[in-house]
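Below is one structure, written out as structure tokens; the observations come after it.
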Amino acid sequence: MIKAPRRNDPDRRGRILQATLDMLVEHGISHITHRKIAEAAGVSLGSMTYYFEGIESLLSEAFTQFAHQMSEEYRTRMEHARNRDEACEAIVDMICAEKIATSYNLQVMYQLYAYANRNPELKIIMQDWMCRSQQVLEAFFDPITARTLDAFIEGMTLHYVTDRHPLSREDLTRMLAKIVG
């Protein structure tokens, strides 16, 4: 049900972007439409074309916003570490944390990966995200180790959320120790 339009609605654009991510999770990228997003955001269909040129620009901006939010969570977790051991502990926290390692976040991430695979210009969003993550890790580790850890975090987060018997914090800590030496 579409709510009555608000003349002065500074949050409308943000609601549309959030609704886009929500619809990606609920319906998948191949089944979302402007109409579904507008309804979920509580805005008129006309608002969609007022704020965004088309579905591709809407998806690009929603994915970019999501990637920046995830990067900020990542940075916030890591900035409290004072040394490599605390950085490793923060990495385990990110893999096991309910704020980052959620089914919702993973669904958005994998929708982005699938979409970017078909739309190479969107790979920039992923590349920039990886670069930000690796730069945060480079405060504690050399560039190759930082890149390895970034891939480890991404893969283990998927395993942690989907595995019937996720690895324990202790197992993850042992794995990290092998990577960082």
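Numbering starts fresh at 1 for the residues of each chain in the structure tokens, the chains themselves are lettered A, B, ... in the order given, and ligands are numbered from 1 as they appear.
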Legend entry - Residues within 9 Å of Arg84 (chain A), only C-alpha atoms, excluding chain neighbours under 4 positions, as a count of residues only: 6
Legend entry - Which of A:Leu137, A:Glu56, A:Leu17, A:Tyr50 sits closest to Ile37 (chain A) [using only C-alpha atoms]: A:Leu17
Inset, instruction - Using CA of Ser30 (chain A) and CA of Val108 (chain A) as the two end points, give the distance in Å to one decimal. - result: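 According to the coordinates, CA of Ser30 (chain A) and CA of Val108 (chain A) are separated by 13.1 Å.
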Legend entry - Exercise: Ser133 (chain A) partners within 9 Å, only C-alpha atoms, chain neighbours under 5 positions left out, as an MDAnalysis selection string: chainID A and resid 71 74:75 128 138 146:147 150
How would the residues just chosen look if you wrote them out with C-alpha atoms as a PDB file, in the first residue's frame?
```
ATOM      1  CA  SER A  71      33.356  -0.828   4.870  1.00  0.00           C
ATOM      2  CA  TYR A  74      34.840  -3.185   8.951  1.00  0.00           C
ATOM      3  CA  ARG A  75      36.931  -0.088   9.673  1.00  0.00           C
ATOM      4  CA  ASP A 128      36.748  -0.195  -4.331  1.00  0.00           C
ATOM      5  CA  GLU A 138      47.487  -3.061   5.895  1.00  0.00           C
ATOM      6  CA  ALA A 146      46.079  -8.186   3.889  1.00  0.00           C
ATOM      7  CA  ARG A 147      44.682  -9.380   0.568  1.00  0.00           C
ATOM      8  CA  ASP A 150      40.329 -10.035   3.075  1.00  0.00           C
TER       9      ASP A 150
END
```
Inset, instruction - Give me the residues within 12 Å of Gly28 (chain A) as a list in words, counting only C-alpha atoms and dropping any in the same chain fewer than 4 places off. - result: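 In the requested form, the answer reads Thr20, Leu21, Asp22, Met23, Leu24, Ile32, Thr33, Lys36, Leu59, Tyr104, Gln107, Val108, Met109, Tyr110, Gln111, Leu112, Ala114 and Tyr115 of chain A.
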Inset, instruction - Would you please work out which residue, of A:Glu73, A:Asp11, A:Glu39, A:Glu79, is nearest to Val136 (chain A) when using only C-alpha atoms? - result: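 The shortest atom-to-atom distance to Val136 (chain A) comes from A:Glu79.
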Legend entry - Interatomic distance, CA of Glu98 (chain A) to CA of Ile16 (chain A) (Å, one decimal): 24.7 Å
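Near region 124-126 of chain A, within a cut-off of 9 Å and counting only C-alpha atoms, sit the residues Ser60, Phe63, Thr64, Ala67, Leu112, Tyr113 and Ala116 of chain A, with same-chain residues fewer than 6 positions away left out.
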Restricted to N, CA and C atoms, what would the selected residues look like written as a CSV table (one decimal), in the first residue's frame?
```
chain,number,residue,atom,x,y,z
A,60,SER,N,23.0,0.4,-8.8
A,60,SER,CA,24.4,0.9,-8.6
A,60,SER,C,24.5,1.7,-7.3
A,63,PHE,N,23.9,-0.5,-4.2
A,63,PHE,CA,25.1,-1.4,-3.9
A,63,PHE,C,26.2,-0.5,-3.4
A,64,THR,N,26.4,0.6,-3.9
A,64,THR,CA,27.5,1.5,-3.4
A,64,THR,C,27.2,1.9,-2.0
A,67,ALA,N,28.0,-1.1,0.2
A,67,ALA,CA,29.4,-1.4,0.3
A,67,ALA,C,30.1,-0.4,1.2
A,112,LEU,N,25.1,-8.6,-5.5
A,112,LEU,CA,26.0,-7.7,-6.1
A,112,LEU,C,27.0,-8.4,-7.0
A,113,TYR,N,27.6,-9.5,-6.5
A,113,TYR,CA,28.6,-10.3,-7.3
A,113,TYR,C,28.0,-10.8,-8.6
A,116,ALA,N,27.2,-7.7,-10.9
A,116,ALA,CA,28.5,-7.1,-11.4
A,116,ALA,C,29.1,-8.1,-12.5
```
Inset, instruction - Please provide as a list in words all residues within 7 Å of Ile95 (chain A), with the sequence filter that same-chain residues fewer than 6 positions apart are discarded (counting only C-alpha atoms). - result: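 The neighbour list is Ala101, Ile153, Met156, Thr157 and Tyr160 of chain A.
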Can I get the selection written as a CSV table (one decimal), in the first residue's frame, with N, CA and C atoms?
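New file part_12.csv:
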```csv
chain,number,residue,atom,x,y,z
A,101,ALA,N,28.2,-10.5,9.8
A,101,ALA,CA,27.9,-11.8,9.2
A,101,ALA,C,26.5,-12.2,9.4
A,153,ILE,N,38.3,-13.5,5.2
A,153,ILE,CA,37.1,-13.0,5.9
A,153,ILE,C,35.8,-13.2,5.1
A,156,MET,N,35.1,-17.1,4.9
A,156,MET,CA,34.7,-17.6,6.2
A,156,MET,C,33.4,-17.1,6.7
A,157,THR,N,33.1,-15.8,6.3
A,157,THR,CA,31.8,-15.2,6.7
A,157,THR,C,30.7,-16.0,6.0
A,160,TYR,N,30.5,-19.3,7.8
A,160,TYR,CA,29.9,-19.1,9.2
A,160,TYR,C,28.4,-19.0,9.2
```
Legend entry - DSSP-assigned helix (DSSP H, G or I) among region 3-171 of chain A, expressed as a PyMOL selection string: chain A and resi 12-27+29-31+34-41+45-51+55-79+84-96+103-118+120-137+143-162+169-171
Inset, instruction - May I ask which of the residues A:Gly46, A:Tyr51, A:His31, A:Leu58 is the closest one to Gln18 (chain A), counting only C-alpha atoms? - result: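 Result for the nearest residue to Gln18 (chain A): A:Leu58.
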